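Participant: So I've got this file, my_file.cif, and it contains mmCIF, C-alpha atoms:
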data_query
loop_
_atom_site.label_atom_id
_atom_site.label_comp_id
_atom_site.auth_asym_id
_atom_site.auth_seq_id
_atom_site.Cartn_x
_atom_site.Cartn_y
_atom_site.Cartn_z
CA THR A 8 127.88 16.56 123.05
CA GLY A 9 127.96 19.90 124.86
CA LYS A 10 124.43 20.78 123.71
CA ASP A 11 122.40 19.40 126.60
CA ASN A 12 119.56 21.67 127.68
CA GLY A 13 120.36 21.36 131.38
CA ASP A 14 117.09 19.72 132.45
CA GLY A 15 117.79 17.97 135.73
CA PHE A 16 121.32 19.37 135.88
CA PHE A 17 122.86 22.42 137.53
CA PHE A 18 125.74 22.68 135.05
CA TYR A 19 126.20 22.31 131.32
CA PRO A 20 128.95 19.85 130.44
CA PRO A 21 131.92 21.26 128.53
CA ARG A 22 133.08 20.11 125.12
CA ARG A 23 135.91 17.60 125.06
CA ASP A 24 137.97 19.90 122.85
CA GLY A 25 137.27 22.98 125.00
CA GLY A 26 135.45 24.62 122.12
CA SER A 27 132.61 27.12 122.42
CA LEU A 28 129.22 26.02 123.64
CA ASP A 29 126.14 27.41 121.94
CA TYR A 30 125.37 30.85 123.44
CA CYS A 31 128.00 30.33 126.16
CA GLY A 32 131.24 31.05 124.34
CA GLN A 33 134.65 29.54 125.01
CA ASN A 34 134.64 27.74 128.36
CA GLY A 35 138.14 26.25 128.56
CA HIS A 36 136.92 22.80 129.70
CA ARG A 37 135.09 24.37 132.67
CA LEU A 38 131.56 23.49 133.70
CA VAL A 39 129.03 26.14 132.68
CA PRO A 40 126.48 26.94 135.42
CA SER A 41 122.83 26.85 134.43
CA ILE A 42 120.31 29.61 135.08
CA ARG A 43 118.79 27.23 137.61
CA TRP A 44 122.07 27.18 139.53
CA GLU A 45 122.42 30.98 139.41
CA ASN A 46 118.88 31.39 140.75
CA LEU A 47 119.62 29.00 143.62
CA ARG A 48 122.72 31.03 144.50
CA ASP A 49 120.70 34.27 144.43
CA GLY A 50 118.07 32.65 146.65
CA MET A 51 120.70 31.65 149.22
CA GLU A 52 122.08 35.21 149.26
CA ASP A 53 118.56 36.62 149.67
CA TYR A 54 117.96 34.27 152.61
CA GLU A 55 121.18 35.46 154.23
CA TYR A 56 120.05 39.09 153.83
CA LEU A 57 116.72 38.34 155.48
CA TRP A 58 118.39 36.30 158.21
CA LEU A 59 120.83 39.12 159.04
CA LEU A 60 118.10 41.77 159.09
CA ALA A 61 116.06 39.57 161.44
CA GLY A 62 118.96 39.65 163.89
CA GLY A 63 120.14 36.14 163.07
CA ASP A 64 117.27 34.59 165.01
CA PRO A 65 113.99 34.83 163.05
CA GLN A 66 110.97 33.41 164.83
CA VAL A 67 108.22 31.48 163.02
CA GLY A 68 104.86 33.23 163.27
CA LEU A 69 106.36 36.45 164.63
CA GLY A 70 106.93 39.68 162.73
CA ASN A 71 110.46 40.93 162.20
CA ALA A 72 112.30 43.77 160.46
CA ALA A 73 112.65 41.81 157.21
CA ASP A 74 108.91 41.37 156.60
CA PRO A 75 108.21 44.76 154.93
CA TYR A 76 110.99 44.19 152.40
CA VAL A 77 109.65 40.75 151.47
CA ALA A 78 106.14 42.17 151.13
CA GLN A 79 107.40 44.52 148.41
CA VAL A 80 107.88 41.62 146.00
CA VAL A 81 106.12 38.57 147.49
CA GLN A 82 102.42 38.39 148.39
CA SER A 83 102.09 34.62 148.70
CA ARG A 84 103.76 31.38 147.56
CA THR A 85 102.16 31.75 144.15
CA LEU A 86 101.83 35.52 143.81
CA PHE A 87 105.02 37.53 143.48
CA SER A 88 106.58 40.16 141.26
CA ARG A 89 108.16 38.92 138.04
CA VAL A 90 109.83 42.27 137.31
CA PRO A 91 113.62 41.93 137.76
CA THR A 92 114.03 45.57 138.79
CA ASP A 93 111.57 45.09 141.66
CA LEU A 94 113.70 42.31 143.09
CA ALA A 95 116.90 44.32 142.59
CA ALA A 96 115.38 47.32 144.40
CA ALA A 97 114.28 45.14 147.32
CA ARG A 98 117.78 43.64 147.57
CA GLU A 99 119.37 47.10 147.59
CA ALA A 100 116.96 48.27 150.29
CA LEU A 101 117.76 45.18 152.37
CA ALA A 102 121.49 45.80 152.05
CA ARG A 103 121.12 49.41 153.14
CA ALA A 104 118.98 48.39 156.10
CA ILE A 105 121.65 45.90 157.20
CA VAL A 106 124.68 48.18 156.91
CA GLY A 107 122.81 51.26 158.15
CA PRO A 108 122.96 54.84 156.84
CA VAL A 109 125.83 55.61 154.51
CA ALA A 110 127.80 58.80 154.05
CA VAL A 111 128.08 60.68 150.76
CA ALA A 112 131.06 62.81 149.73
CA ASP A 113 131.84 64.87 146.65
CA LYS A 114 134.61 67.15 145.46
CA THR A 115 134.67 69.49 142.44
CA ALA A 116 136.96 72.12 140.94
CA HIS A 117 135.61 75.36 139.48
CA PRO A 118 136.35 76.41 136.87
CA SER A 119 137.57 73.16 135.38
CA ALA A 120 140.14 74.92 133.16
CA VAL A 121 142.26 77.93 134.13
CA ALA A 122 145.27 79.89 132.94
CA PRO A 123 148.35 80.49 135.12
CA GLY A 124 147.65 83.19 137.68
CA GLU A 125 143.88 82.72 137.59
CA ALA A 126 141.82 81.97 140.68
CA LEU A 127 139.86 78.77 141.24
CA HIS A 128 138.25 76.97 144.12
CA TYR A 129 137.72 73.40 145.24
CA THR A 130 134.36 72.55 146.83
CA LEU A 131 134.18 69.61 149.23
CA VAL A 132 130.68 68.48 150.27
CA TYR A 133 129.93 65.75 152.80
CA THR A 134 126.58 64.35 153.99
CA HIS A 135 126.85 62.21 157.09
CA GLY A 136 125.12 58.90 157.65
CA GLY A 137 124.95 57.16 161.00
CA PRO A 138 125.54 58.16 164.64
CA ASN A 139 127.06 61.49 165.64
CA ALA A 140 130.74 61.67 164.79
CA THR A 141 133.60 64.03 164.00
CA LEU A 142 134.42 64.37 160.33
CA VAL A 143 138.12 64.74 159.57
CA VAL A 144 139.07 65.71 156.02
CA THR A 145 142.67 65.84 154.82
CA ASP A 146 143.50 67.41 151.48
CA SER A 147 147.04 67.77 150.13
CA VAL A 148 146.45 70.29 147.35
CA PRO A 149 148.83 69.92 144.39
CA ALA A 150 151.54 72.59 144.11
CA ALA A 151 150.18 73.58 140.70
CA THR A 152 147.26 75.24 142.50
CA VAL A 153 148.60 77.26 145.41
CA VAL A 154 146.24 77.42 148.40
CA VAL A 155 145.13 80.94 149.37
CA THR A 156 142.56 80.17 152.06
CA ALA A 157 139.99 77.57 153.15
CA THR A 158 136.65 78.21 154.83
CA GLY A 159 134.00 75.97 156.33
CA PRO A 160 132.25 75.09 159.60
CA GLY A 161 134.21 73.62 162.45
CA SER A 162 137.99 73.85 162.53
CA VAL A 163 139.92 74.49 159.30
CA GLN A 164 143.72 74.50 159.32
CA VAL A 165 145.90 75.45 156.36
CA ASP A 166 149.57 74.50 156.50
CA GLY A 167 151.10 75.36 153.14
CA GLN A 168 149.38 73.05 150.65
CA TRP A 169 147.96 70.83 153.37
CA VAL A 170 144.36 71.48 154.48
CA THR A 171 142.84 69.73 157.52
CA TRP A 172 139.14 70.12 158.30
CA ARG A 173 137.42 68.89 161.47
CA VAL A 174 133.70 69.31 162.07
CA PRO A 175 131.10 67.46 164.20
CA VAL A 176 128.33 65.87 162.11
CA SER A 177 125.02 64.12 162.79
CA ASP A 178 122.91 61.77 160.69
CA GLY A 179 121.75 63.46 157.48
CA GLN A 180 123.75 66.64 158.09
CA ALA A 181 125.52 68.20 155.08
CA VAL A 182 128.66 70.32 155.48
CA GLN A 183 130.81 72.14 152.92
CA LEU A 184 134.42 73.30 152.69
CA ILE A 185 135.71 75.71 150.03
CA ILE A 186 139.43 75.91 149.25
CA GLN A 187 140.47 79.04 147.37
CA ALA A 188 143.57 78.63 145.21
CA THR A 189 145.58 80.20 142.39
CA ALA A 190 146.95 78.33 139.41
CA VAL A 191 150.69 78.60 138.73
CA PHE A 192 152.53 78.17 135.45
CA THR A 193 152.43 74.39 135.17
CA PRO A 194 150.33 73.56 132.10
CA GLY A 195 148.64 70.19 132.14
CA ALA A 196 146.11 68.15 134.08
CA VAL A 197 145.95 68.54 137.86
CA LEU A 198 144.33 65.93 140.09
CA ASN A 199 143.43 66.78 143.68
CA ARG A 200 142.47 64.05 146.17
CA ALA A 201 140.75 64.43 149.54
CA VAL A 202 140.11 61.81 152.23
CA PHE A 203 136.90 62.05 154.31
CA SER A 204 137.01 60.11 157.59
CA SER A 205 134.16 59.69 160.08
CA THR A 206 132.18 56.48 160.59
CA GLU A 207 133.68 55.37 157.26
CA VAL A 208 136.52 56.49 155.01
CA LEU A 209 135.80 57.94 151.57
CA THR A 210 138.25 59.23 148.96
CA ARG A 211 137.19 61.75 146.33
CA GLU A 212 139.10 63.42 143.51
CA ALA A 213 138.67 66.58 141.46
CA GLY A 214 140.51 67.33 138.25
CA LEU A 215 141.19 70.50 136.31
CA VAL A 216 143.36 71.64 133.41
CA ILE A 217 145.88 74.48 133.47
CA TYR A 218 146.52 75.72 129.95
CA GLY A 219 149.63 77.58 128.89
CA GLN A 220 148.05 80.26 126.75
CA ARG A 221 144.75 81.19 125.25
CA THR A 222 144.16 81.02 121.55
CA PHE A 223 141.88 83.62 120.04
CA LEU A 224 140.39 82.94 116.65
CA PRO A 225 139.73 86.05 114.55
CA LEU A 226 136.21 86.73 113.39
CA VAL A 227 135.89 87.73 109.77
CA LEU A 228 132.72 89.42 108.72
CA ARG A 229 131.84 89.19 105.10
CA GLY A 230 130.00 91.98 103.43
CA PRO A 231 126.89 91.52 101.35
#
Go through the file and emit its structure as C-alpha cells.

Facilitator:
Amino acid sequence: TGKDNGDGFFFYPPRRDGGSLDYCGQNGHRLVPSIRWENLRDGMEDYEYLWLLAGGDPQVGLGNAADPYVAQVVQSRTLFSRVPTDLAAAREALARAIVGPVAVADKTAHPSAVAPGEALHYTLVYTHGGPNATLVVTDSVPAATVVVTATGPGSVQVDGQWVTWRVPVSDGQAVQLIIQATAVFTPGAVLNRAVFSSTEVLTREAGLVIYGQRTFLPLVLRGP
C-alpha cells in the first residue's frame, strides 16, 4: 500500500503508480530508506572515522587516539548523549584529527565601491596549518584595477597585473599581503581571484564595484 511503518524493514516500499508517499514526497518508484537505515549508514561511517584515527589497527583493551572523541558523547553502552549537535561536533573533531591541521585563506577589497581614478587595496590573509612549507600565492589582478604596488613578508614580485608572493610559513602562522591599485574607467563589477598554494591549494575571490559617476541628492531645508 505504500504506507507501511517500516518495522522490520530498512526501506519503505514505493507505490505502484509512483505517487507520493506520506511525508516522503514523490519517489519515482524508488525505494525510500528508513531512518533505521540512515542511522546504520552513519554508524558505519563513524566506525571508519574511529578506525582511521586508531591507525587502522585498534587493539582491544588498549587506549588509542580515538578514545577521547568517543568519551565526549558516549559514557557506556546505555549512557550517551542524545543531543544531535554533540554527535555532529564529535564527528567534525574526528575528521579534523584525521586530516590534520587545515589552512585558512581570505581576500577582501577595500573600499568595496570606487570611482574611476580612486585608490583601493586588496588584502590577502593566510593562516597556515600543518608542517613548515613555502606559501606561493598567484594573483592576476583585473585590468580594471591597475596594480600600483604590493607589500608583504617574504618575496613579492609584481609583473604588470600579475602578482606572485612567496613566503615560508609554519603551523598556525598568519601572513598578509596588501596590493595597492587604482580603478580605471570601466564601470561595473570587478572580480579578483587569488590562488594560495602550500600544503593544500585554496582559491579566494574579492569583488568590488566601479561606478561611472556619483549622484548627489540636494538637501532642501524647510523653514518653520

Participant: What is the atom CA of A:Ala95 to atom CA of A:Ala73 distance in Å?

Facilitator: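 Here the two named atoms are 15.4 Å from each other.
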
Participant: Starting from the point (123.8, 58.0, 156.7), work out which residues of protein, DNA or RNA have an atom no more than 6 Å away when counting all atoms listed in the file; state them as an MDAnalysis selection string.

Facilitator: chainID A and resid 108:110 135:137 178:179

Participant: With a distance cut-off of 12 Å and only C-alpha atoms, select the neighbouring residues of A:Gly214, excluding the residue or stretch itself and same-chain residues fewer than 5 positions from it, and output the selection as a short mmCIF file (atom, residue, chain, number, x, y, z; two decimals) with C-alpha atoms, in the frame of the given file.

Facilitator:
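Output contents, as saved in part-v4.cif:
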data_model
loop_
_atom_site.label_atom_id
_atom_site.label_comp_id
_atom_site.auth_asym_id
_atom_site.auth_seq_id
_atom_site.Cartn_x
_atom_site.Cartn_y
_atom_site.Cartn_z
CA LYS A 114 134.61 67.15 145.46
CA THR A 115 134.67 69.49 142.44
CA ALA A 116 136.96 72.12 140.94
CA HIS A 117 135.61 75.36 139.48
CA PRO A 118 136.35 76.41 136.87
CA SER A 119 137.57 73.16 135.38
CA ALA A 120 140.14 74.92 133.16
CA VAL A 121 142.26 77.93 134.13
CA LEU A 127 139.86 78.77 141.24
CA HIS A 128 138.25 76.97 144.12
CA TYR A 129 137.72 73.40 145.24
CA THR A 130 134.36 72.55 146.83
CA VAL A 148 146.45 70.29 147.35
CA PRO A 149 148.83 69.92 144.39
CA ALA A 151 150.18 73.58 140.70
CA THR A 152 147.26 75.24 142.50
CA GLY A 195 148.64 70.19 132.14
CA ALA A 196 146.11 68.15 134.08
CA VAL A 197 145.95 68.54 137.86
CA LEU A 198 144.33 65.93 140.09
CA ASN A 199 143.43 66.78 143.68
CA ARG A 200 142.47 64.05 146.17
CA ALA A 201 140.75 64.43 149.54
#

Participant: With all atoms listed in the file as the counted atoms, please give the residues lying no more than 9 Å from A:Ala97, apart from itself and same-chain residues fewer than 5 positions off, as a list of chain:residue names.

Facilitator: A:Tyr76, A:Val77, A:Gln79, A:Val80, A:Thr92, A:Ala102

Participant: Quick one: of A:Tyr19, A:Ala122, A:Asp113, A:Leu59, who's nearest to A:Trp44, counting only C-alpha atoms?

Facilitator: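 Closest candidate: A:Tyr19.
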
Participant: Could you please give me, as a PyMOL selection string, the residues of protein, DNA or RNA lying at most 8 Å from (139.4, 74.7, 152.1) in the coordinate frame of the file, considering all atoms listed in the file?

Facilitator: chain A and resi 129-131+156-159+163+165+170+172+184-187

Participant: Go ahead and save the picked residues with C-alpha atoms, as a tab-separated table (two decimals), in the coordinates of the input.

Facilitator:
chain	number	residue	atom	x	y	z
A	129	TYR	CA	137.72	73.40	145.24
A	130	THR	CA	134.36	72.55	146.83
A	131	LEU	CA	134.18	69.61	149.23
A	156	THR	CA	142.56	80.17	152.06
A	157	ALA	CA	139.99	77.57	153.15
A	158	THR	CA	136.65	78.21	154.83
A	159	GLY	CA	134.00	75.97	156.33
A	163	VAL	CA	139.92	74.49	159.30
A	165	VAL	CA	145.90	75.45	156.36
A	170	VAL	CA	144.36	71.48	154.48
A	172	TRP	CA	139.14	70.12	158.30
A	184	LEU	CA	134.42	73.30	152.69
A	185	ILE	CA	135.71	75.71	150.03
A	186	ILE	CA	139.43	75.91	149.25
A	187	GLN	CA	140.47	79.04	147.37

Participant: One number please: atom CA of A:Glu99 to atom CA of A:Asn46, in Å, one decimal.

Facilitator: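 Interatomic distance here is 17.1 Å.
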
Participant: Let me know the residues the PyMOL selection byres ((chain A and resi 202) around 9) catches in the file above, as a PyMOL selection string.

Facilitator: chain A and resi 143-146+200-201+203-204+208-212

Participant: Those same residues, written as a JSON list (two decimals), keeping the file's coordinate frame with C-alpha atoms?

Facilitator:
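So part-v9.json came out as:
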[["chain", "number", "residue", "atom", "x", "y", "z"],
["A", 143, "VAL", "CA", 138.12, 64.74, 159.57],
["A", 144, "VAL", "CA", 139.07, 65.71, 156.02],
["A", 145, "THR", "CA", 142.67, 65.84, 154.82],
["A", 146, "ASP", "CA", 143.50, 67.41, 151.48],
["A", 200, "ARG", "CA", 142.47, 64.05, 146.17],
["A", 201, "ALA", "CA", 140.75, 64.43, 149.54],
["A", 203, "PHE", "CA", 136.90, 62.05, 154.31],
["A", 204, "SER", "CA", 137.01, 60.11, 157.59],
["A", 208, "VAL", "CA", 136.52, 56.49, 155.01],
["A", 209, "LEU", "CA", 135.80, 57.94, 151.57],
["A", 210, "THR", "CA", 138.25, 59.23, 148.96],
["A", 211, "ARG", "CA", 137.19, 61.75, 146.33],
["A", 212, "GLU", "CA", 139.10, 63.42, 143.51]]

Participant: For the structure shown, which residues end up in the PyMOL selection byres ((chain A and resi 124) around 10)? Put them as number ranges by chain, please?

Facilitator: A: 121-123, 125-127, 152-153, 188-192, 217

Participant: Give me a file of those residues, with C-alpha atoms, as an mmCIF file, in the frame of the given file.

Facilitator:
data_model
loop_
_atom_site.group_PDB
_atom_site.id
_atom_site.type_symbol
_atom_site.label_atom_id
_atom_site.label_comp_id
_atom_site.auth_asym_id
_atom_site.auth_seq_id
_atom_site.Cartn_x
_atom_site.Cartn_y
_atom_site.Cartn_z
ATOM 1 C CA VAL A 121 142.260 77.930 134.130
ATOM 2 C CA ALA A 122 145.270 79.890 132.940
ATOM 3 C CA PRO A 123 148.350 80.490 135.120
ATOM 4 C CA GLU A 125 143.880 82.720 137.590
ATOM 5 C CA ALA A 126 141.820 81.970 140.680
ATOM 6 C CA LEU A 127 139.860 78.770 141.240
ATOM 7 C CA THR A 152 147.260 75.240 142.500
ATOM 8 C CA VAL A 153 148.600 77.260 145.410
ATOM 9 C CA ALA A 188 143.570 78.630 145.210
ATOM 10 C CA THR A 189 145.580 80.200 142.390
ATOM 11 C CA ALA A 190 146.950 78.330 139.410
ATOM 12 C CA VAL A 191 150.690 78.600 138.730
ATOM 13 C CA PHE A 192 152.530 78.170 135.450
ATOM 14 C CA ILE A 217 145.880 74.480 133.470
#

Participant: Have a look at atom CA of A:Pro175 and atom CA of A:Ala100 and let me know their distance in Å, one decimal.

Facilitator: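 Taking atom CA of A:Pro175 as the start and atom CA of A:Ala100 as the end point, the length is 27.6 Å.
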
Participant: Restricting the calculation to all atoms listed in the file: of A:Leu94, A:Val182, A:Ala213, A:Leu60, which residue gets closest to A:Val106?

Facilitator: A:Leu60

Participant: From the list A:Ala96, A:Val90, A:Leu101, A:Leu38, which residue is nearest A:Glu52 when using all atoms listed in the file?

Facilitator: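 Of all the options, A:Leu101 lies closest to A:Glu52.
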
Participant: Using only C-alpha atoms, pick whichever of A:Asn139, A:Val216, A:Val132, A:Ser147 has the shortest atom-to-atom distance to A:Pro160.

Facilitator: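 Once distances to A:Pro160 are computed over only C-alpha atoms, the minimum belongs to A:Val132.
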
Participant: So, with all atoms listed in the file as the atoms that count, which of A:Tyr56, A:Ser162, A:Val155, A:Asp93 lies closest to A:Ala78?

Facilitator: A:Asp93
